[in-house]
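Asks: File name my_file-v8.cif; file contents mmCIF, C-alpha atoms; full text below.
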```cif
data_coords
#
loop_
_atom_site.label_atom_id
_atom_site.label_comp_id
_atom_site.auth_asym_id
_atom_site.auth_seq_id
_atom_site.Cartn_x
_atom_site.Cartn_y
_atom_site.Cartn_z
CA MET A 1 -32.21 48.31 -66.72
CA VAL A 2 -35.20 45.95 -66.64
CA ASP A 3 -36.59 45.24 -63.17
CA ALA A 4 -36.83 41.55 -64.02
CA GLU A 5 -37.06 40.24 -60.47
CA ARG A 6 -40.02 42.46 -59.64
CA ARG A 7 -41.67 41.44 -62.89
CA VAL A 8 -41.27 37.77 -61.92
CA THR A 9 -43.00 38.51 -58.62
CA VAL A 10 -45.84 40.35 -60.36
CA ALA A 11 -46.24 37.60 -62.97
CA ARG A 12 -46.59 35.03 -60.21
CA ARG A 13 -49.05 37.16 -58.26
CA ALA A 14 -51.20 37.80 -61.34
CA ALA A 15 -51.18 34.16 -62.45
CA ASN A 16 -52.14 32.97 -58.97
CA ALA A 17 -54.95 35.52 -58.76
CA GLY A 18 -56.31 34.42 -62.12
CA ALA A 19 -55.97 30.73 -61.31
CA ASN A 20 -58.02 31.24 -58.15
CA VAL A 21 -60.82 32.77 -60.22
CA ALA A 22 -60.73 29.91 -62.73
CA MET A 23 -60.82 27.28 -59.98
CA GLU A 24 -64.10 28.68 -58.68
CA SER A 25 -65.88 27.43 -61.80
CA PHE A 26 -63.84 24.28 -62.48
CA ARG A 27 -65.98 21.14 -62.59
CA THR A 28 -69.19 23.14 -62.32
CA ASP A 29 -72.07 23.42 -64.76
CA ILE A 30 -70.55 26.19 -66.85
CA ALA A 31 -71.88 27.48 -70.19
CA VAL A 32 -69.58 26.90 -73.14
CA GLU A 33 -69.38 28.97 -76.32
CA THR A 34 -67.18 28.57 -79.39
CA LYS A 35 -65.05 31.14 -81.18
CA ALA A 36 -63.50 30.44 -84.59
CA HIS A 37 -64.53 26.77 -84.76
CA GLU A 38 -66.01 23.91 -82.75
CA THR A 39 -62.70 22.96 -81.11
CA ASP A 40 -62.02 26.54 -79.94
CA PRO A 41 -64.21 26.87 -76.84
CA VAL A 42 -64.52 29.80 -74.46
CA THR A 43 -66.35 30.28 -71.18
CA GLN A 44 -67.18 33.15 -68.87
CA ALA A 45 -64.45 31.78 -66.63
CA ASP A 46 -61.89 32.59 -69.35
CA ARG A 47 -63.08 36.19 -69.44
CA ASP A 48 -63.33 36.61 -65.68
CA THR A 49 -59.89 35.09 -65.20
CA GLN A 50 -58.33 37.37 -67.80
CA ASP A 51 -59.96 40.39 -66.17
CA ARG A 52 -58.49 39.44 -62.80
CA VAL A 53 -55.00 38.89 -64.22
CA ALA A 54 -55.14 42.17 -66.12
CA SER A 55 -56.26 44.02 -62.99
CA VAL A 56 -53.23 42.82 -61.03
CA LEU A 57 -50.86 43.73 -63.87
CA THR A 58 -52.40 47.17 -64.37
CA ASP A 59 -52.12 47.93 -60.67
CA ALA A 60 -48.42 47.05 -60.71
CA TYR A 61 -47.49 48.54 -64.09
CA PRO A 62 -50.08 51.13 -65.18
CA GLY A 63 -50.11 51.86 -68.88
CA GLU A 64 -48.12 48.83 -70.03
CA VAL A 65 -49.54 46.84 -72.93
CA ILE A 66 -51.50 43.69 -72.11
CA VAL A 67 -51.77 41.05 -74.82
CA GLY A 68 -54.37 38.37 -74.19
CA GLU A 69 -56.51 35.68 -75.73
CA GLU A 70 -59.88 37.13 -74.79
CA ARG A 71 -61.49 40.43 -75.74
CA GLY A 72 -60.45 43.71 -74.20
CA THR A 73 -56.71 43.31 -74.74
CA HIS A 74 -54.20 43.67 -77.57
CA ASP A 75 -53.65 40.67 -79.84
CA THR A 76 -50.08 41.40 -80.96
CA VAL A 77 -46.83 41.82 -79.04
CA PRO A 78 -45.07 45.18 -79.53
CA ASP A 79 -41.44 45.08 -80.70
CA ARG A 80 -40.49 47.88 -78.32
CA GLY A 81 -41.20 48.47 -74.67
CA ALA A 82 -42.68 46.23 -72.00
CA ALA A 83 -45.79 44.12 -72.48
CA TRP A 84 -47.62 41.38 -70.60
CA VAL A 85 -48.87 38.30 -72.43
CA ILE A 86 -51.60 36.28 -70.72
CA ASP A 87 -53.62 33.17 -71.36
CA PRO A 88 -56.31 33.02 -68.67
CA ILE A 89 -57.05 29.32 -69.18
CA ASP A 90 -54.65 27.52 -71.49
CA GLY A 91 -56.30 24.19 -72.14
CA THR A 92 -59.93 25.34 -72.07
CA SER A 93 -61.05 22.07 -73.68
CA ASN A 94 -59.57 20.21 -70.73
CA TYR A 95 -61.07 22.70 -68.31
CA ILE A 96 -64.64 22.30 -69.54
CA ARG A 97 -64.32 18.49 -69.51
CA GLY A 98 -63.07 18.43 -65.94
CA VAL A 99 -59.53 17.42 -66.89
CA ARG A 100 -56.96 18.91 -64.52
CA THR A 101 -54.28 19.87 -67.08
CA TRP A 102 -54.87 23.57 -67.69
CA ALA A 103 -53.00 26.69 -66.69
CA THR A 104 -53.21 30.38 -66.10
CA SER A 105 -50.18 31.74 -67.94
CA VAL A 106 -48.51 35.15 -67.58
CA ALA A 107 -45.35 36.31 -69.34
CA CYS A 108 -43.59 39.65 -69.53
CA VAL A 109 -41.65 40.68 -72.61
CA VAL A 110 -39.39 43.69 -73.00
CA ASP A 111 -38.44 44.73 -76.53
CA GLY A 112 -39.83 41.40 -77.73
CA GLU A 113 -37.78 39.23 -75.34
CA CYS A 114 -39.32 37.36 -72.43
CA VAL A 115 -37.91 38.30 -69.02
CA ALA A 116 -40.40 36.70 -66.63
CA ALA A 117 -43.04 33.97 -66.77
CA ALA A 118 -45.48 32.11 -64.56
CA ASN A 119 -47.56 29.04 -65.41
CA VAL A 120 -49.95 28.11 -62.62
CA PHE A 121 -51.79 24.76 -62.80
CA PRO A 122 -54.11 25.06 -59.80
CA ALA A 123 -55.93 21.75 -60.31
CA LEU A 124 -52.55 19.97 -60.38
CA ASP A 125 -51.10 22.08 -57.55
CA ASP A 126 -48.09 22.96 -59.70
CA THR A 127 -46.59 26.41 -60.19
CA TYR A 128 -43.75 27.05 -62.65
CA ILE A 129 -41.85 30.33 -62.33
CA ALA A 130 -39.05 31.49 -64.64
CA GLY A 131 -36.85 34.56 -64.51
CA PRO A 132 -33.21 35.69 -64.61
CA ASP A 133 -32.20 33.20 -61.91
CA GLY A 134 -33.60 30.14 -63.70
CA ILE A 135 -36.82 28.19 -63.25
CA THR A 136 -38.61 26.47 -60.40
CA ARG A 137 -41.58 24.19 -59.98
CA ASN A 138 -43.22 24.71 -56.60
CA ASP A 139 -40.12 26.69 -55.58
CA THR A 140 -37.72 23.82 -56.38
CA PRO A 141 -35.23 24.35 -59.24
CA ILE A 142 -35.82 22.16 -62.29
CA THR A 143 -33.96 21.30 -65.48
CA VAL A 144 -34.68 19.57 -68.76
CA SER A 145 -34.05 15.85 -69.08
CA THR A 146 -30.70 14.29 -69.90
CA GLU A 147 -32.13 11.76 -72.37
CA THR A 148 -29.96 11.27 -75.46
CA GLU A 149 -31.53 8.21 -77.08
CA PRO A 150 -34.44 8.97 -79.45
CA ASN A 151 -35.97 5.53 -78.91
CA ALA A 152 -36.27 6.35 -75.21
CA GLY A 153 -37.49 9.91 -75.77
CA VAL A 154 -41.02 11.16 -75.13
CA VAL A 155 -42.50 13.66 -77.59
CA SER A 156 -45.60 15.86 -77.45
CA PRO A 157 -47.16 17.20 -80.67
CA THR A 158 -48.79 20.49 -79.70
CA LEU A 159 -50.79 23.35 -81.20
CA TRP A 160 -53.29 21.48 -83.26
CA GLY A 161 -57.05 21.76 -83.45
CA GLY A 162 -59.97 21.66 -85.82
CA ALA A 163 -58.68 24.63 -87.82
CA SER A 164 -55.20 23.19 -88.38
CA PRO A 165 -54.23 21.08 -91.41
CA HIS A 166 -55.05 17.47 -90.58
CA ASP A 167 -52.63 16.02 -93.13
CA GLU A 168 -49.70 17.94 -91.66
CA PHE A 169 -50.55 16.83 -88.16
CA ILE A 170 -50.97 13.20 -89.18
CA THR A 171 -47.62 13.26 -90.97
CA ALA A 172 -45.85 14.86 -88.03
CA VAL A 173 -47.33 12.39 -85.54
CA GLY A 174 -46.41 9.45 -87.74
CA GLU A 175 -42.81 10.63 -88.03
CA ALA A 176 -42.66 11.36 -84.31
CA VAL A 177 -43.81 7.84 -83.50
CA GLU A 178 -41.13 6.43 -85.79
CA MET A 179 -38.40 8.64 -84.32
CA PHE A 180 -39.17 8.60 -80.59
CA GLY A 181 -40.06 5.97 -78.04
CA ASP A 182 -43.38 7.36 -76.79
CA LEU A 183 -45.89 10.13 -77.44
CA ARG A 184 -48.07 12.33 -75.23
CA ARG A 185 -50.68 14.94 -76.09
CA SER A 186 -51.95 16.94 -73.12
CA GLY A 187 -54.36 19.39 -74.77
CA CYS A 188 -52.50 22.25 -73.08
CA THR A 189 -49.51 23.77 -74.85
CA GLN A 190 -48.18 25.55 -71.77
CA GLY A 191 -48.48 22.22 -69.98
CA SER A 192 -46.38 20.43 -72.59
CA LEU A 193 -43.72 23.14 -72.58
CA SER A 194 -43.60 23.24 -68.79
CA ARG A 195 -43.08 19.48 -68.78
CA VAL A 196 -40.21 19.76 -71.24
CA ALA A 197 -38.69 22.29 -68.84
CA SER A 198 -39.10 19.90 -65.90
CA GLY A 199 -37.93 16.76 -67.70
CA GLY A 200 -41.35 15.14 -67.89
CA LEU A 201 -41.13 15.34 -71.67
CA ASP A 202 -38.08 15.45 -73.90
CA VAL A 203 -39.59 17.12 -76.98
CA ALA A 204 -42.57 19.31 -77.90
CA ILE A 205 -43.17 20.15 -81.55
CA SER A 206 -45.52 22.23 -83.65
CA THR A 207 -45.49 22.97 -87.37
CA VAL A 208 -48.31 25.53 -87.36
CA ASP A 209 -48.47 29.23 -86.53
CA HIS A 210 -49.45 30.04 -82.99
CA HIS A 211 -50.62 32.86 -80.76
CA PRO A 212 -48.08 34.44 -78.41
CA TRP A 213 -50.13 33.61 -75.31
CA ASP A 214 -49.95 29.91 -76.19
CA THR A 215 -46.18 29.72 -76.17
CA ILE A 216 -44.11 32.62 -74.81
CA ALA A 217 -44.11 31.62 -71.13
CA GLY A 218 -43.45 27.95 -71.79
CA ALA A 219 -40.76 28.52 -74.40
CA PHE A 220 -38.94 30.84 -72.00
CA MET A 221 -39.18 28.17 -69.31
CA VAL A 222 -37.59 25.54 -71.53
CA GLU A 223 -34.70 27.88 -72.25
CA ARG A 224 -34.24 28.80 -68.59
CA ALA A 225 -34.22 25.08 -67.75
CA GLY A 226 -31.31 24.50 -70.12
CA GLY A 227 -33.26 23.31 -73.16
CA THR A 228 -33.35 24.47 -76.76
CA VAL A 229 -36.21 26.26 -78.53
CA THR A 230 -36.17 27.04 -82.26
CA ASP A 231 -38.53 27.50 -85.15
CA VAL A 232 -39.04 24.67 -87.65
CA ASP A 233 -35.93 25.76 -89.57
CA GLY A 234 -33.69 25.58 -86.52
CA ASN A 235 -33.45 29.35 -86.06
CA ARG A 236 -33.73 30.95 -82.63
CA TRP A 237 -37.40 31.01 -81.67
CA ARG A 238 -39.47 34.18 -81.35
CA TYR A 239 -43.14 34.60 -80.59
CA ASP A 240 -43.79 35.29 -84.30
CA ALA A 241 -41.67 32.40 -85.60
CA PRO A 242 -43.03 29.66 -87.88
CA GLY A 243 -43.80 26.67 -85.69
CA LEU A 244 -41.99 25.68 -82.53
CA VAL A 245 -39.52 22.95 -81.58
CA ALA A 246 -38.71 22.74 -77.86
CA THR A 247 -36.40 20.02 -76.57
CA ASN A 248 -33.90 19.05 -73.90
CA GLY A 249 -31.25 20.09 -76.43
CA ARG A 250 -29.88 16.58 -76.74
CA LEU A 251 -32.67 15.43 -79.06
CA HIS A 252 -33.12 18.66 -80.99
CA GLU A 253 -31.77 17.52 -84.33
CA GLU A 254 -34.05 14.50 -84.26
CA ALA A 255 -37.01 16.74 -83.48
CA LEU A 256 -36.13 19.00 -86.41
CA ASP A 257 -35.94 15.93 -88.64
CA VAL A 258 -39.54 15.16 -87.69
CA VAL A 259 -40.91 18.61 -88.51
CA HIS A 260 -38.94 18.76 -91.76
CA THR A 261 -41.02 15.86 -93.10
CA VAL A 262 -44.08 18.14 -93.12
CA ASP A 263 -44.31 20.08 -96.38
#
```
Just dump the structure as structure tokens.
Replies:
Amino acid sequence: MVDAERRVTVARRAANAGANVAMESFRTDIAVETKAHETDPVTQADRDTQDRVASVLTDAYPGEVIVGEERGTHDTVPDRGAAWVIDPIDGTSNYIRGVRTWATSVACVVDGECVAAANVFPALDDTYIAGPDGITRNDTPITVSTETEPNAGVVSPTLWGGASPHDEFITAVGEAVEMFGDLRRSGCTQGSLSRVASGGLDVAISTVDHHPWDTIAGAFMVERAGGTVTDVDGNRWRYDAPGLVATNGRLHEEALDVVHTVD
């Protein structure tokens, strides 16, 4: 039997520890490097935060796989056994510009299925925790929205950057604007997914492939909040699925219609 409740506690502890490290350098004169392309920045704060999160996880569960965005960890999720998936600073572009929407994200998967997740947004003073008993924000239970009318719905196109196909993104955004009443783009995928879980958004969509640390925690939170998460074909979502469509469930077909316009 999976000790899910303890893993929720450890995920929260690790995410809080990492977020405290990241906050020390937020809105300071911090050196910025780039990885694959100009819109993929990284800082020493990313590395230090990941190291702190990994230290907490290793102390609690020695020997378990840690999958992370920065160097020194695995980059794929094992199909069997327990693993921890971490994004030390999701929304690094926001972080280096002094924008408060960024998170330290920690998820635990067992045999490929998420069982615990924590998204800590220290600059916003918001903490989202999901586990077998549901999901909370700042220890208060939350659910997805009850919106049923597309023209009143709010959509967030996520997971796009300089390396992603511009034409696909432009098409998806255009269709989303036609389908839904308003559009948001936060620059933080875990932020968008957390807001779908809390009812602040109704829909979050992506048509591109993604890294597990960008999505696992937030997708699990949407599900625990009563929402629906699938791939672009409407199949049950997994961390290795093509694209991601996360909604309040009531607007899911409309969201799939939007992503289906992208060839």
Asks: Just so the selection is clear, what residues does the PyMOL selection byres ((chain A and resi 127) around 9) cover here, as a list in words?
Replies: Arg12, Asn16, Ala118, Asn119, Val120, Phe121, Pro122, Leu124, Asp125, Asp126, Tyr128, Ile129, Thr136, Arg137, Asn138 and Asp139 of chain A
Asks: Using 12 Å as the limit and counting all atoms listed in the file, can you tabulate each residue of region 22-123 of chain A that touches region 204-217 of chain A, with its shortest atom-to-atom distance in Å and the two atoms involved, as a tab-separated table?
Replies:
```
residue	atom	partner	partner_atom	distance
A:Gln50	CA	A:Trp213	CA	11.7
A:Ile66	CA	A:Trp213	CA	10.7
A:Val67	CA	A:Trp213	CA	7.6
A:Gly68	CA	A:Trp213	CA	6.5
A:Glu69	CA	A:Trp213	CA	6.7
A:Glu70	CA	A:Trp213	CA	10.4
A:Thr73	CA	A:Trp213	CA	11.7
A:His74	CA	A:Trp213	CA	11.1
A:Asp75	CA	A:His211	CA	8.4
A:Thr76	CA	A:Pro212	CA	7.7
A:Val77	CA	A:Pro212	CA	7.5
A:Pro78	CA	A:Pro212	CA	11.2
A:Ala83	CA	A:Pro212	CA	11.6
A:Trp84	CA	A:Trp213	CA	9.4
A:Val85	CA	A:Trp213	CA	5.6
A:Ile86	CA	A:Trp213	CA	5.5
A:Asp87	CA	A:Trp213	CA	5.3
A:Pro88	CA	A:Trp213	CA	9.1
A:Ile89	CA	A:Asp214	CA	10.0
A:Asp90	CA	A:Asp214	CA	7.1
A:Gly91	CA	A:Asp214	CA	9.5
A:Thr92	CA	A:Asp214	CA	11.7
A:Trp102	CA	A:Asp214	CA	11.7
A:Ala103	CA	A:Asp214	CA	10.5
A:Thr104	CA	A:Trp213	CA	10.2
A:Ser105	CA	A:Ala217	CA	6.9
A:Val106	CA	A:Ala217	CA	6.7
A:Ala107	CA	A:Ala217	CA	5.2
A:Cys108	CA	A:Ala217	CA	8.2
A:Val109	CA	A:Ile216	CA	8.7
A:Gly112	CA	A:Ile216	CA	10.2
A:Glu113	CA	A:Ile216	CA	9.2
A:Cys114	CA	A:Ile216	CA	7.1
A:Val115	CA	A:Ala217	CA	9.4
A:Ala116	CA	A:Ala217	CA	7.7
A:Ala117	CA	A:Ala217	CA	5.1
A:Ala118	CA	A:Ala217	CA	6.7
A:Asn119	CA	A:Ala217	CA	7.2
A:Val120	CA	A:Ala217	CA	10.9
```
Asks: Within 7 Å of (-43.4, 46.9, -73.8) (file coordinates; only C-alpha atoms), which protein or nucleic acid residues are there? I'd like them as an mmCIF file with C-alpha atoms, keeping the file's coordinate frame.
Replies:
```
data_model
loop_
_atom_site.group_PDB
_atom_site.id
_atom_site.type_symbol
_atom_site.label_atom_id
_atom_site.label_comp_id
_atom_site.auth_asym_id
_atom_site.auth_seq_id
_atom_site.Cartn_x
_atom_site.Cartn_y
_atom_site.Cartn_z
ATOM 1 C CA GLU A 64 -48.120 48.830 -70.030
ATOM 2 C CA VAL A 65 -49.540 46.840 -72.930
ATOM 3 C CA PRO A 78 -45.070 45.180 -79.530
ATOM 4 C CA ARG A 80 -40.490 47.880 -78.320
ATOM 5 C CA GLY A 81 -41.200 48.470 -74.670
ATOM 6 C CA ALA A 82 -42.680 46.230 -72.000
ATOM 7 C CA ALA A 83 -45.790 44.120 -72.480
ATOM 8 C CA VAL A 109 -41.650 40.680 -72.610
ATOM 9 C CA VAL A 110 -39.390 43.690 -73.000
ATOM 10 C CA ASP A 111 -38.440 44.730 -76.530
#
```
Asks: Please check which residues have atoms at most 8 Å from (-34.9, 20.9, -72.1) in the file's coordinates, counting all atoms listed in the file, and write them as a ChimeraX atom specification.
Replies: /A:143-145,196-199,202-203,222-223,225-228,246-249
Asks: Calculate how many Å separate CA of Met23 (chain A) from CA of Arg100 (chain A), rounding to one decimal.
Replies: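 These atoms are spaced 10.3 Å apart.
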Asks: Counting all atoms listed in the file, what is within 6 Å of Gly18 (chain A), bar same-chain residues fewer than 3 positions away, as an MDAnalysis selection string?
Replies: chainID A and resid 15 21 49 52:53
Asks: Rounded to one decimal in Å, what is the spacing between CA of Thr146 (chain A) and CA of Glu175 (chain A)?
Replies: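 Atom-to-atom, CA of Thr146 (chain A) to CA of Glu175 (chain A), that is 22.1 Å.
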Asks: Neighbouring residues of Val56 (chain A) were defined as those with any atom within 10 Å, considering all atoms listed in the file; residues of the same chain fewer than 4 positions away were excluded. Please report them as an MDAnalysis selection string.
Replies: chainID A and resid 10:11 13:15 17:18 51:52 60:62
Asks: Interatomic distance between CA of Asp182 (chain A) and CA of Ile135 (chain A)?
Replies: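 Between these atoms lies a distance of 25.7 Å.
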Asks: Rank nothing, just name the residue among A:Thr58, A:Thr140, A:Thr28, A:Thr101 nearest to Arg185 (chain A), using only C-alpha atoms.
Replies: A:Thr101
Asks: On this structure, the PyMOL selection byres ((chain A and resi 44) around 12) would catch which residues? List them as a ChimeraX atom specification, sorted by chain and number.
Replies: /A:21-22,24-26,29-34,41-43,45-51,70-71,88-89,92,96
Asks: When distances are computed from only C-alpha atoms, which of A:Asp133, A:Glu5, A:Glu147, A:Asp257 shows the smallest separation from Gly200 (chain A)?
Replies: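 The shortest atom-to-atom distance to Gly200 (chain A) comes from A:Glu147.
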Asks: Here is a test: counting all atoms listed in the file, which residue of A:Leu57, A:Ala219, A:Val154, A:Ala172 is nearest to Arg6 (chain A)?
Replies: A:Leu57
Asks: For the PyMOL selection byres ((chain A and resi 232) around 7), applied here, can you spell out every residue it catches as a list in words?
Replies: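 This file gives the following for the PyMOL selection byres ((chain A and resi 232) around 7): Thr207, Thr230, Asp231, Asp233, Gly234, Pro242, Gly243, Leu244, Val245, Leu256 and Val259 of chain A.
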Asks: Between A:Gly218, A:Thr148, A:Cys188, A:Asp167, single out the one closest to His252 (chain A), counting all atoms listed in the file.
Replies: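 Smallest separation from His252 (chain A) among the options: A:Thr148.
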Asks: Let me make sure I understand: among A:Met221, A:Val229, A:Met179, A:Leu193, which one has the smallest atom-to-atom distance to Glu149 (chain A) if we use only C-alpha atoms?
Replies: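 Closest candidate: A:Met179.
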Asks: Could you please fill out region 189-207 of chain A with N, CA, C and O atoms and send it back as a compact mmCIF listing (two decimals), in the coordinates of the input?
Replies:
```txt
# COMPACT_ATOMS: atom_id res chain seq x y z
N THR A 189 -50.85 23.50 -74.34
CA THR A 189 -49.51 23.77 -74.85
C THR A 189 -48.57 24.23 -73.74
O THR A 189 -47.42 23.78 -73.66
N GLN A 190 -49.04 25.12 -72.88
CA GLN A 190 -48.18 25.55 -71.77
C GLN A 190 -47.85 24.36 -70.86
O GLN A 190 -46.76 24.30 -70.28
N GLY A 191 -48.76 23.41 -70.75
CA GLY A 191 -48.48 22.22 -69.98
C GLY A 191 -47.37 21.39 -70.59
O GLY A 191 -46.46 20.92 -69.91
N SER A 192 -47.43 21.21 -71.91
CA SER A 192 -46.38 20.43 -72.59
C SER A 192 -45.03 21.12 -72.46
O SER A 192 -44.01 20.47 -72.18
N LEU A 193 -44.99 22.42 -72.67
CA LEU A 193 -43.72 23.14 -72.58
C LEU A 193 -43.17 23.14 -71.15
O LEU A 193 -41.97 22.99 -70.94
N SER A 194 -44.05 23.29 -70.19
CA SER A 194 -43.60 23.24 -68.79
C SER A 194 -43.02 21.87 -68.47
O SER A 194 -42.03 21.76 -67.73
N ARG A 195 -43.59 20.83 -69.05
CA ARG A 195 -43.08 19.48 -68.78
C ARG A 195 -41.76 19.22 -69.49
O ARG A 195 -40.94 18.45 -69.00
N VAL A 196 -41.55 19.84 -70.64
CA VAL A 196 -40.21 19.76 -71.24
C VAL A 196 -39.21 20.43 -70.30
O VAL A 196 -38.11 19.91 -70.05
N ALA A 197 -39.58 21.58 -69.75
CA ALA A 197 -38.69 22.29 -68.84
C ALA A 197 -38.36 21.48 -67.60
O ALA A 197 -37.26 21.59 -67.05
N SER A 198 -39.30 20.66 -67.14
CA SER A 198 -39.10 19.90 -65.90
C SER A 198 -38.60 18.49 -66.14
O SER A 198 -38.39 17.74 -65.18
N GLY A 199 -38.42 18.09 -67.40
CA GLY A 199 -37.93 16.76 -67.70
C GLY A 199 -39.00 15.71 -67.85
O GLY A 199 -38.70 14.53 -68.08
N GLY A 200 -40.27 16.09 -67.72
CA GLY A 200 -41.35 15.14 -67.89
C GLY A 200 -41.58 14.75 -69.33
O GLY A 200 -42.13 13.68 -69.63
N LEU A 201 -41.17 15.61 -70.24
CA LEU A 201 -41.13 15.34 -71.67
C LEU A 201 -39.75 15.71 -72.18
O LEU A 201 -39.06 16.54 -71.58
N ASP A 202 -39.36 15.12 -73.29
CA ASP A 202 -38.08 15.45 -73.90
C ASP A 202 -38.22 16.40 -75.08
O ASP A 202 -37.30 17.16 -75.38
N VAL A 203 -39.40 16.37 -75.74
CA VAL A 203 -39.59 17.12 -76.98
C VAL A 203 -41.04 17.59 -77.06
O VAL A 203 -41.97 16.84 -76.72
N ALA A 204 -41.24 18.81 -77.52
CA ALA A 204 -42.57 19.31 -77.90
C ALA A 204 -42.42 19.98 -79.26
O ALA A 204 -41.50 20.78 -79.46
N ILE A 205 -43.30 19.63 -80.20
CA ILE A 205 -43.17 20.15 -81.55
C ILE A 205 -44.49 20.70 -82.06
O ILE A 205 -45.56 20.24 -81.70
N SER A 206 -44.38 21.71 -82.92
CA SER A 206 -45.52 22.23 -83.65
C SER A 206 -45.04 22.73 -85.00
O SER A 206 -43.98 23.33 -85.10
N THR A 207 -45.83 22.48 -86.03
CA THR A 207 -45.49 22.97 -87.37
C THR A 207 -46.41 24.10 -87.82
O THR A 207 -46.26 24.60 -88.93
```
